[in-house]
Amino acid sequence: MNSTMEEEISKVQSETDKIRDEFPILHQEVNGHPLVYFDNAATSQKPMKVIEAITEYYTGYNANIHRGVHYLANLATDAFESTRNKVTAFIHARENREIIFTSGTTDSINLVAQTWGRQNIHSGDEILLSMMDHHSNIVPWQMIAEEKGAVIKVIPVNSIGEWDLSDIKNLLTSKTKLVAVNHVSNSLGTINPVKELIQQAHALGAKVLVDGAQAVVHFPVDVRDLDCDFYCFSAHKLYGPTGTGILYGKSELLESMPPYRGGGEMIKTVSFSGTTYNEIPHKFEAGTPNIEGVIALGAAIDFAIELGWENVAQHENELLEYATAKLEAIEDLKIYGTSSKKVAVISFNVEGIHPYDIGTLLDKQGIALRTGHHCTQPLWDFYGVPGSLRASFAVYNSTEEIDLFIHALQKALTMLR
Amino acid sequence: MNIAERQEEIIGEFAMFPDWMQKYEYIIELGKDLPLIDEKYKTDDNLIKGCQSRVWLHAEKTGEGLVHFTADSDAIITKGLVALVVRVLDENTPQEIAAADMGFIQAIGLHEHLSPTRSNGLASMIKQMKMYGLAFTSAQGEMNP
């Protein structure tokens with residue numbers, strides 16, 4: 001190894017150490033071993049900046065937002081609304097009234113299904129999903145399809161875990177009212193060519209909802225460039241808190257949609273002879289929202305931007321390549337999802353061994369992986385297995401942690417074979 | 001040996017293992033050693049659906065009025081845990097099974113496997129075994145509760 005390469009590696013290590021220092025939870029032992037957290041696709045860990053934003057809100061300016069005339073209410077409202085502006089810039093929306101705060105991606109999708117869907121989907125209409133979609137982007141559409149007598153169509157998946165678009169002309173037709181697909185597969189890591197599909201859908205008059213839950217932490221998203229009609233994501237997969245999510249919608253669509261939940265904040269005037277609704281975004285934000293969650297999401301977005309997308313991509317790709325090579329060297333190990341366009345997620349099984357057994361023994365060695373169907377049962381039905389082990393990496397993970405994981409995996413396999 | 005004595009015996013066995021990995025090596029051995037259920041009983045009716053690993057359970061009453069259990073799982077660790085539970089409850093009276101306190105799981109430090117989030121079917125299996133106990137108690141001699 002020459003000296004420049006060594007310098008390069010030690011630079012990367014010290015950068016990663018600096019990032020890790022921001023995440024107190026990572027510095028602990030689990031079952032007598034240093035914690036290796038590779039379940040980032042389920043939820044990311046939170047940097048101090050996000051934790052402090054919540055504490056500062058409750059210790060400094062907790063108040064209900066929008067209606068108050070007093071000092072604290074103004075501070076809280078400003079902090080809450082500043083996140084709306086940050087999200088607008090973060091995903092390149094046109095204006096901040098296109099950003100609706102929800103409780104998470106699932107809530108965002110249900111909102112669209114129950115408002116836009118109920119208004120626009122009729123008997124005989126078609127909704128196009130893909131085989132790799134998360135249950136939360138399947139079930140809300142099944143519910144509305146059942147209610148309306150609409151038909152669900154499904155884009156199949158090919159052997160390397162990409163959309164198989166060979167039959168797309170028969171799947172996406174003038175009958176299609178809505179296409180709802182994920183930007184990145186949570187089970188496989190595949191980055192789907194949503195922009196091309198959106199163009200094709202729009203040419204046939206269909207609207208497109210993109211589930212971006214797994215995308216926003218890995219690469220910059222531009223909803224205007226994608227030209228999607230709706231884009232959904234959760235704060236907690238983006239270094240932010242749980243219970244907070246985003247629904248982006250084009251303003252003309254949001255304006256045309258009926259309200260979802262009734263209550264305070266979403267009205268203009270209320271009387272028993274009739275109620276008028278507030279403007280967007282407030283029309284969809286009934287009741288006291290998750291104020292601290294939204295404020296902390298603002299801190300999480302600041303953190304993500306300060307990391308720098310190029311640094312994130314470079315580091316995560318390095319982790320993905322390093323781990324993939326190490327796993328491929330293990331006998332009888334099969335990786336699901338081998339597209340060249342994927343984020344740092346690796347789903348795998350070892351022939352003849354149940355993923356639950358491996359996951360249990362990894363846990364005993366301090367390694368946190370996910371086992372199971374990852375809420376994508378149709379995808380695993382396609383692969384003919386009940387589920388997999390999934391290692392998903394974040395910017396604070398290191399190649400040293402991958403070495404610990406591989407060592408623990410080999411020990412587990414020795415015990416189980 | 002009654003249910004309590006069998007549990008004491010298992011607690012004694014696990015006390016010999018100083019660390020987690022040795023406990024699990026033993027559980028895996030139990031899982032590997034025991035062909036627990038007749039293939040004809042591995043039906044959907046006998047399947048206890050956990051989220052991840054599947055457990056099959058079959059119960060029948062013996063001539064002496066005791067309940068005989070056979071069970072299996074597709075995951076070897078779950079199968080080992082199942083083997084322990086069957087060892088404790090097998091061939092007892094329906095009343096004893098329905099009233100059994102399964103404290104040994106906590107005592108040997110494996111209670112995490114009973115939490116609903118583990119989704120391994122073990123907690124549901126124990127519940128089902130006690131249901132068989134109750135059903136056999138109320139409907140003496142009937143095979144299917």
# chains A, B, ... in the order shown; residues from 1 in each chain; ligands from 1
>>> closest_atom_pairs(of="chain A", to="chain B", cutoff="12 Å", atoms="only C-alpha atoms", output="tab-separated table")
residue	atom	partner	partner_atom	distance
A:Val30	CA	B:Trp20	CA	12.0
A:Asn31	CA	B:Trp20	CA	8.3
A:Gly32	CA	B:Trp20	CA	9.8
A:His33	CA	B:Trp20	CA	11.7
A:Gly352	CA	B:Ala75	CA	9.9
A:Ile353	CA	B:Ala75	CA	7.5
A:His354	CA	B:Ala75	CA	5.2
A:Pro355	CA	B:Ala75	CA	7.9
A:Tyr356	CA	B:Ala75	CA	6.6
A:Asp357	CA	B:Ile77	CA	5.8
A:Ile358	CA	B:Ile77	CA	9.2
A:Gly359	CA	B:Ile77	CA	10.5
A:Thr360	CA	B:Ile77	CA	8.3
A:Leu361	CA	B:Met21	CA	7.8
A:Leu362	CA	B:Met21	CA	10.3
A:Asp363	CA	B:Trp20	CA	10.6
A:Lys364	CA	B:Trp20	CA	6.9
A:Gln365	CA	B:Met21	CA	8.6
A:Gly366	CA	B:Trp20	CA	11.6
A:Arg370	CA	B:Gln52	CA	11.0
A:Thr371	CA	B:Gln52	CA	7.7
A:Gly372	CA	B:Gln52	CA	5.5
A:His373	CA	B:Gln52	CA	7.7
A:His374	CA	B:Gln52	CA	10.2
A:Cys375	CA	B:Cys51	CA	10.5
A:Gln377	CA	B:Cys51	CA	11.1
A:Val385	CA	B:Gln52	CA	11.1
A:Pro386	CA	B:Gln52	CA	7.5
A:Gly387	CA	B:Gln52	CA	7.8
A:Ser388	CA	B:Gln52	CA	9.7
A:Leu389	CA	B:Gln52	CA	11.1
A:Ala408	CA	B:Met21	CA	11.2
A:Lys411	CA	B:Met21	CA	9.8
A:Ala412	CA	B:Met21	CA	9.2
A:Leu413	CA	B:Glu25	CA	11.5
A:Thr414	CA	B:Glu25	CA	10.2
A:Met415	CA	B:Glu25	CA	6.6
A:Leu416	CA	B:Ile28	CA	7.1
A:Arg417	CA	B:Ile28	CA	9.9
>>> atom_distance(atom1="CA of His134 in chain A", atom2="CA of Asn182 in chain A")
7.7 Å
>>> select_by_dssp(residues="range 162-250 of chain A", states="strand (DSSP E or B)", output="list in words")
Trp163, Thr176, Lys177, Leu178, Val179, Ala180, Val181, Asn182, Val184, Thr190, Ile191, Lys207, Val208, Leu209, Val210, Asp211, Phe230, Tyr231, Cys232, Phe233, Ser234, Gly245, Ile246, Leu247, Tyr248 and Gly249 of chain A
>>> write_last_selection(atoms="C-alpha atoms", output="PDB file, in the first residue's frame")
ATOM      1  CA  TRP A 163     -38.560  -3.631 -12.177  1.00  0.00           C
ATOM      2  CA  THR A 176     -54.484   3.623 -15.032  1.00  0.00           C
ATOM      3  CA  LYS A 177     -55.515   6.383 -12.650  1.00  0.00           C
ATOM      4  CA  LEU A 178     -52.585   6.181 -10.306  1.00  0.00           C
ATOM      5  CA  VAL A 179     -49.083   4.740 -10.164  1.00  0.00           C
ATOM      6  CA  ALA A 180     -47.764   4.283  -6.603  1.00  0.00           C
ATOM      7  CA  VAL A 181     -44.220   2.927  -6.328  1.00  0.00           C
ATOM      8  CA  ASN A 182     -41.200   3.189  -4.104  1.00  0.00           C
ATOM      9  CA  VAL A 184     -35.854   2.759  -3.382  1.00  0.00           C
ATOM     10  CA  THR A 190     -32.721  -1.077  -5.726  1.00  0.00           C
ATOM     11  CA  ILE A 191     -33.041   2.528  -6.924  1.00  0.00           C
ATOM     12  CA  LYS A 207     -50.945  10.561 -11.449  1.00  0.00           C
ATOM     13  CA  VAL A 208     -47.878   9.226  -9.648  1.00  0.00           C
ATOM     14  CA  LEU A 209     -47.152   8.861  -5.946  1.00  0.00           C
ATOM     15  CA  VAL A 210     -43.563   8.052  -4.983  1.00  0.00           C
ATOM     16  CA  ASP A 211     -42.801   6.391  -1.638  1.00  0.00           C
ATOM     17  CA  PHE A 230     -46.966  13.128  -4.589  1.00  0.00           C
ATOM     18  CA  TYR A 231     -43.787  12.252  -2.678  1.00  0.00           C
ATOM     19  CA  CYS A 232     -43.796  10.742   0.818  1.00  0.00           C
ATOM     20  CA  PHE A 233     -41.098  10.162   3.424  1.00  0.00           C
ATOM     21  CA  SER A 234     -40.531   9.756   7.165  1.00  0.00           C
ATOM     22  CA  GLY A 245     -43.484  12.478   8.099  1.00  0.00           C
ATOM     23  CA  ILE A 246     -43.913  14.467   4.955  1.00  0.00           C
ATOM     24  CA  LEU A 247     -46.432  14.466   2.172  1.00  0.00           C
ATOM     25  CA  TYR A 248     -45.401  16.577  -0.779  1.00  0.00           C
ATOM     26  CA  GLY A 249     -48.140  17.202  -3.315  1.00  0.00           C
TER      27      GLY A 249
END
>>> select_by_dssp(residues="range 154-210 of chain A", states="alpha helix (DSSP H)", output="list of chain:residue names")
A:Ile168, A:Lys169, A:Asn170, A:Leu171, A:Val194, A:Lys195, A:Glu196, A:Leu197, A:Ile198, A:Gln199, A:Gln200, A:Ala201, A:His202, A:Ala203
>>> closest_residue(among="A:Leu379, A:Val194, A:Lys11, A:Glu252", to="Leu226 in chain A", atoms="only C-alpha atoms")
A:Val194
>>> decode(residues="range 3-137 of chain B", atoms="C-alpha atoms", output="PDB file, in the first residue's frame")
ATOM      1  CA  ILE B   3     -43.682 -29.975  35.672  1.00  0.00           C
ATOM      2  CA  ALA B   4     -41.825 -28.051  38.398  1.00  0.00           C
ATOM      3  CA  GLU B   5     -39.114 -30.724  38.740  1.00  0.00           C
ATOM      4  CA  ARG B   6     -38.551 -30.831  34.994  1.00  0.00           C
ATOM      5  CA  GLN B   7     -38.093 -27.068  34.967  1.00  0.00           C
ATOM      6  CA  GLU B   8     -35.585 -27.279  37.843  1.00  0.00           C
ATOM      7  CA  GLU B   9     -33.652 -29.877  35.867  1.00  0.00           C
ATOM      8  CA  ILE B  10     -33.441 -27.594  32.812  1.00  0.00           C
ATOM      9  CA  ILE B  11     -32.410 -24.618  34.974  1.00  0.00           C
ATOM     10  CA  GLY B  12     -29.622 -26.820  36.383  1.00  0.00           C
ATOM     11  CA  GLU B  13     -28.445 -27.792  32.893  1.00  0.00           C
ATOM     12  CA  PHE B  14     -28.322 -24.171  31.712  1.00  0.00           C
ATOM     13  CA  ALA B  15     -26.412 -23.104  34.846  1.00  0.00           C
ATOM     14  CA  MET B  16     -23.467 -25.069  33.460  1.00  0.00           C
ATOM     15  CA  PHE B  17     -23.073 -22.699  30.523  1.00  0.00           C
ATOM     16  CA  PRO B  18     -21.168 -19.562  31.421  1.00  0.00           C
ATOM     17  CA  ASP B  19     -21.893 -17.592  28.270  1.00  0.00           C
ATOM     18  CA  TRP B  20     -24.609 -16.944  25.750  1.00  0.00           C
ATOM     19  CA  MET B  21     -23.023 -18.739  22.880  1.00  0.00           C
ATOM     20  CA  GLN B  22     -22.753 -21.967  24.853  1.00  0.00           C
ATOM     21  CA  LYS B  23     -26.406 -21.719  25.843  1.00  0.00           C
ATOM     22  CA  TYR B  24     -27.296 -21.334  22.199  1.00  0.00           C
ATOM     23  CA  GLU B  25     -25.008 -24.161  21.138  1.00  0.00           C
ATOM     24  CA  TYR B  26     -26.981 -26.373  23.523  1.00  0.00           C
ATOM     25  CA  ILE B  27     -30.335 -25.111  22.222  1.00  0.00           C
ATOM     26  CA  ILE B  28     -29.183 -25.748  18.647  1.00  0.00           C
ATOM     27  CA  GLU B  29     -28.133 -29.286  19.615  1.00  0.00           C
ATOM     28  CA  LEU B  30     -31.595 -29.877  21.105  1.00  0.00           C
ATOM     29  CA  GLY B  31     -33.111 -28.566  17.888  1.00  0.00           C
ATOM     30  CA  LYS B  32     -30.911 -30.785  15.709  1.00  0.00           C
ATOM     31  CA  ASP B  33     -31.371 -33.924  17.789  1.00  0.00           C
ATOM     32  CA  LEU B  34     -35.108 -34.090  17.957  1.00  0.00           C
ATOM     33  CA  PRO B  35     -37.311 -35.143  15.082  1.00  0.00           C
ATOM     34  CA  LEU B  36     -40.285 -33.811  16.919  1.00  0.00           C
ATOM     35  CA  ILE B  37     -43.367 -34.326  14.826  1.00  0.00           C
ATOM     36  CA  ASP B  38     -44.767 -36.861  12.435  1.00  0.00           C
ATOM     37  CA  GLU B  39     -44.728 -35.317   8.932  1.00  0.00           C
ATOM     38  CA  LYS B  40     -48.454 -36.027   8.577  1.00  0.00           C
ATOM     39  CA  TYR B  41     -49.138 -33.586  11.411  1.00  0.00           C
ATOM     40  CA  LYS B  42     -47.213 -30.736   9.755  1.00  0.00           C
ATOM     41  CA  THR B  43     -50.425 -29.329   8.388  1.00  0.00           C
ATOM     42  CA  ASP B  44     -51.721 -25.789   8.186  1.00  0.00           C
ATOM     43  CA  ASP B  45     -54.244 -26.672  10.906  1.00  0.00           C
ATOM     44  CA  ASN B  46     -51.401 -27.416  13.286  1.00  0.00           C
ATOM     45  CA  LEU B  47     -49.361 -24.380  12.252  1.00  0.00           C
ATOM     46  CA  ILE B  48     -48.889 -21.659  14.824  1.00  0.00           C
ATOM     47  CA  LYS B  49     -48.105 -18.618  12.793  1.00  0.00           C
ATOM     48  CA  GLY B  50     -45.223 -16.573  14.120  1.00  0.00           C
ATOM     49  CA  CYS B  51     -44.087 -13.667  12.000  1.00  0.00           C
ATOM     50  CA  GLN B  52     -40.764 -15.233  11.082  1.00  0.00           C
ATOM     51  CA  SER B  53     -40.246 -18.821  12.173  1.00  0.00           C
ATOM     52  CA  ARG B  54     -43.107 -21.277  11.928  1.00  0.00           C
ATOM     53  CA  VAL B  55     -44.108 -23.735  14.637  1.00  0.00           C
ATOM     54  CA  TRP B  56     -46.273 -26.837  14.201  1.00  0.00           C
ATOM     55  CA  LEU B  57     -47.940 -28.360  17.263  1.00  0.00           C
ATOM     56  CA  HIS B  58     -49.897 -31.598  17.578  1.00  0.00           C
ATOM     57  CA  ALA B  59     -51.622 -32.798  20.762  1.00  0.00           C
ATOM     58  CA  GLU B  60     -53.262 -36.105  21.578  1.00  0.00           C
ATOM     59  CA  LYS B  61     -54.550 -37.764  24.709  1.00  0.00           C
ATOM     60  CA  THR B  62     -52.886 -40.983  25.882  1.00  0.00           C
ATOM     61  CA  GLY B  63     -54.672 -44.006  27.351  1.00  0.00           C
ATOM     62  CA  GLU B  64     -53.728 -42.784  30.838  1.00  0.00           C
ATOM     63  CA  GLY B  65     -55.497 -39.478  30.241  1.00  0.00           C
ATOM     64  CA  LEU B  66     -52.286 -37.491  29.776  1.00  0.00           C
ATOM     65  CA  VAL B  67     -51.608 -35.061  26.915  1.00  0.00           C
ATOM     66  CA  HIS B  68     -48.852 -36.001  24.495  1.00  0.00           C
ATOM     67  CA  PHE B  69     -47.351 -33.184  22.456  1.00  0.00           C
ATOM     68  CA  THR B  70     -45.248 -33.291  19.322  1.00  0.00           C
ATOM     69  CA  ALA B  71     -43.980 -30.142  17.644  1.00  0.00           C
ATOM     70  CA  ASP B  72     -41.541 -28.779  15.105  1.00  0.00           C
ATOM     71  CA  SER B  73     -40.213 -25.520  13.674  1.00  0.00           C
ATOM     72  CA  ASP B  74     -38.473 -24.445  10.488  1.00  0.00           C
ATOM     73  CA  ALA B  75     -35.880 -22.479  12.518  1.00  0.00           C
ATOM     74  CA  ILE B  76     -33.414 -24.570  14.509  1.00  0.00           C
ATOM     75  CA  ILE B  77     -33.204 -22.243  17.541  1.00  0.00           C
ATOM     76  CA  THR B  78     -36.971 -22.086  17.749  1.00  0.00           C
ATOM     77  CA  LYS B  79     -37.012 -25.877  17.439  1.00  0.00           C
ATOM     78  CA  GLY B  80     -34.599 -26.162  20.356  1.00  0.00           C
ATOM     79  CA  LEU B  81     -36.778 -23.866  22.457  1.00  0.00           C
ATOM     80  CA  VAL B  82     -39.844 -25.845  21.415  1.00  0.00           C
ATOM     81  CA  ALA B  83     -38.076 -29.035  22.512  1.00  0.00           C
ATOM     82  CA  LEU B  84     -37.560 -27.541  25.985  1.00  0.00           C
ATOM     83  CA  VAL B  85     -41.203 -26.510  26.310  1.00  0.00           C
ATOM     84  CA  VAL B  86     -42.425 -29.927  25.119  1.00  0.00           C
ATOM     85  CA  ARG B  87     -40.062 -31.632  27.589  1.00  0.00           C
ATOM     86  CA  VAL B  88     -41.657 -29.662  30.438  1.00  0.00           C
ATOM     87  CA  LEU B  89     -45.321 -30.110  29.499  1.00  0.00           C
ATOM     88  CA  ASP B  90     -45.441 -33.457  27.696  1.00  0.00           C
ATOM     89  CA  GLU B  91     -47.374 -36.359  29.247  1.00  0.00           C
ATOM     90  CA  ASN B  92     -48.970 -34.402  32.050  1.00  0.00           C
ATOM     91  CA  THR B  93     -52.657 -34.179  32.872  1.00  0.00           C
ATOM     92  CA  PRO B  94     -54.696 -31.521  31.063  1.00  0.00           C
ATOM     93  CA  GLN B  95     -55.266 -29.748  34.407  1.00  0.00           C
ATOM     94  CA  GLU B  96     -51.545 -29.621  35.183  1.00  0.00           C
ATOM     95  CA  ILE B  97     -50.780 -28.252  31.719  1.00  0.00           C
ATOM     96  CA  ALA B  98     -53.464 -25.579  31.882  1.00  0.00           C
ATOM     97  CA  ALA B  99     -52.186 -24.426  35.287  1.00  0.00           C
ATOM     98  CA  ALA B 100     -48.441 -24.687  34.531  1.00  0.00           C
ATOM     99  CA  ASP B 101     -46.171 -21.789  35.399  1.00  0.00           C
ATOM    100  CA  MET B 102     -43.441 -21.734  32.761  1.00  0.00           C
ATOM    101  CA  GLY B 103     -40.997 -19.789  34.927  1.00  0.00           C
ATOM    102  CA  PHE B 104     -37.951 -21.714  33.672  1.00  0.00           C
ATOM    103  CA  ILE B 105     -37.802 -19.656  30.469  1.00  0.00           C
ATOM    104  CA  GLN B 106     -37.225 -16.521  32.518  1.00  0.00           C
ATOM    105  CA  ALA B 107     -34.876 -18.355  34.871  1.00  0.00           C
ATOM    106  CA  ILE B 108     -32.541 -19.474  32.067  1.00  0.00           C
ATOM    107  CA  GLY B 109     -32.597 -16.010  30.512  1.00  0.00           C
ATOM    108  CA  LEU B 110     -34.527 -16.868  27.355  1.00  0.00           C
ATOM    109  CA  HIS B 111     -37.639 -14.813  28.068  1.00  0.00           C
ATOM    110  CA  GLU B 112     -36.709 -12.415  25.247  1.00  0.00           C
ATOM    111  CA  HIS B 113     -37.920 -15.194  22.952  1.00  0.00           C
ATOM    112  CA  LEU B 114     -41.365 -14.864  24.466  1.00  0.00           C
ATOM    113  CA  SER B 115     -41.749 -11.173  23.687  1.00  0.00           C
ATOM    114  CA  PRO B 116     -44.280 -10.524  20.917  1.00  0.00           C
ATOM    115  CA  THR B 117     -41.653  -8.636  18.917  1.00  0.00           C
ATOM    116  CA  ARG B 118     -39.529 -11.758  18.510  1.00  0.00           C
ATOM    117  CA  SER B 119     -42.372 -13.217  16.518  1.00  0.00           C
ATOM    118  CA  ASN B 120     -40.960 -16.726  16.677  1.00  0.00           C
ATOM    119  CA  GLY B 121     -44.226 -18.401  17.546  1.00  0.00           C
ATOM    120  CA  LEU B 122     -42.987 -19.689  20.915  1.00  0.00           C
ATOM    121  CA  ALA B 123     -45.318 -17.576  23.056  1.00  0.00           C
ATOM    122  CA  SER B 124     -48.260 -18.557  20.851  1.00  0.00           C
ATOM    123  CA  MET B 125     -47.227 -22.193  21.112  1.00  0.00           C
ATOM    124  CA  ILE B 126     -47.265 -22.163  24.916  1.00  0.00           C
ATOM    125  CA  LYS B 127     -50.647 -20.463  24.839  1.00  0.00           C
ATOM    126  CA  GLN B 128     -51.925 -23.117  22.434  1.00  0.00           C
ATOM    127  CA  MET B 129     -50.582 -25.952  24.614  1.00  0.00           C
ATOM    128  CA  LYS B 130     -52.461 -24.526  27.606  1.00  0.00           C
ATOM    129  CA  MET B 131     -55.569 -24.202  25.443  1.00  0.00           C
ATOM    130  CA  TYR B 132     -55.274 -27.921  24.683  1.00  0.00           C
ATOM    131  CA  GLY B 133     -54.980 -28.521  28.427  1.00  0.00           C
ATOM    132  CA  LEU B 134     -58.136 -26.524  29.074  1.00  0.00           C
ATOM    133  CA  ALA B 135     -60.016 -28.105  26.198  1.00  0.00           C
ATOM    134  CA  PHE B 136     -59.063 -31.636  27.241  1.00  0.00           C
ATOM    135  CA  THR B 137     -60.107 -30.785  30.795  1.00  0.00           C
TER     136      THR B 137
END
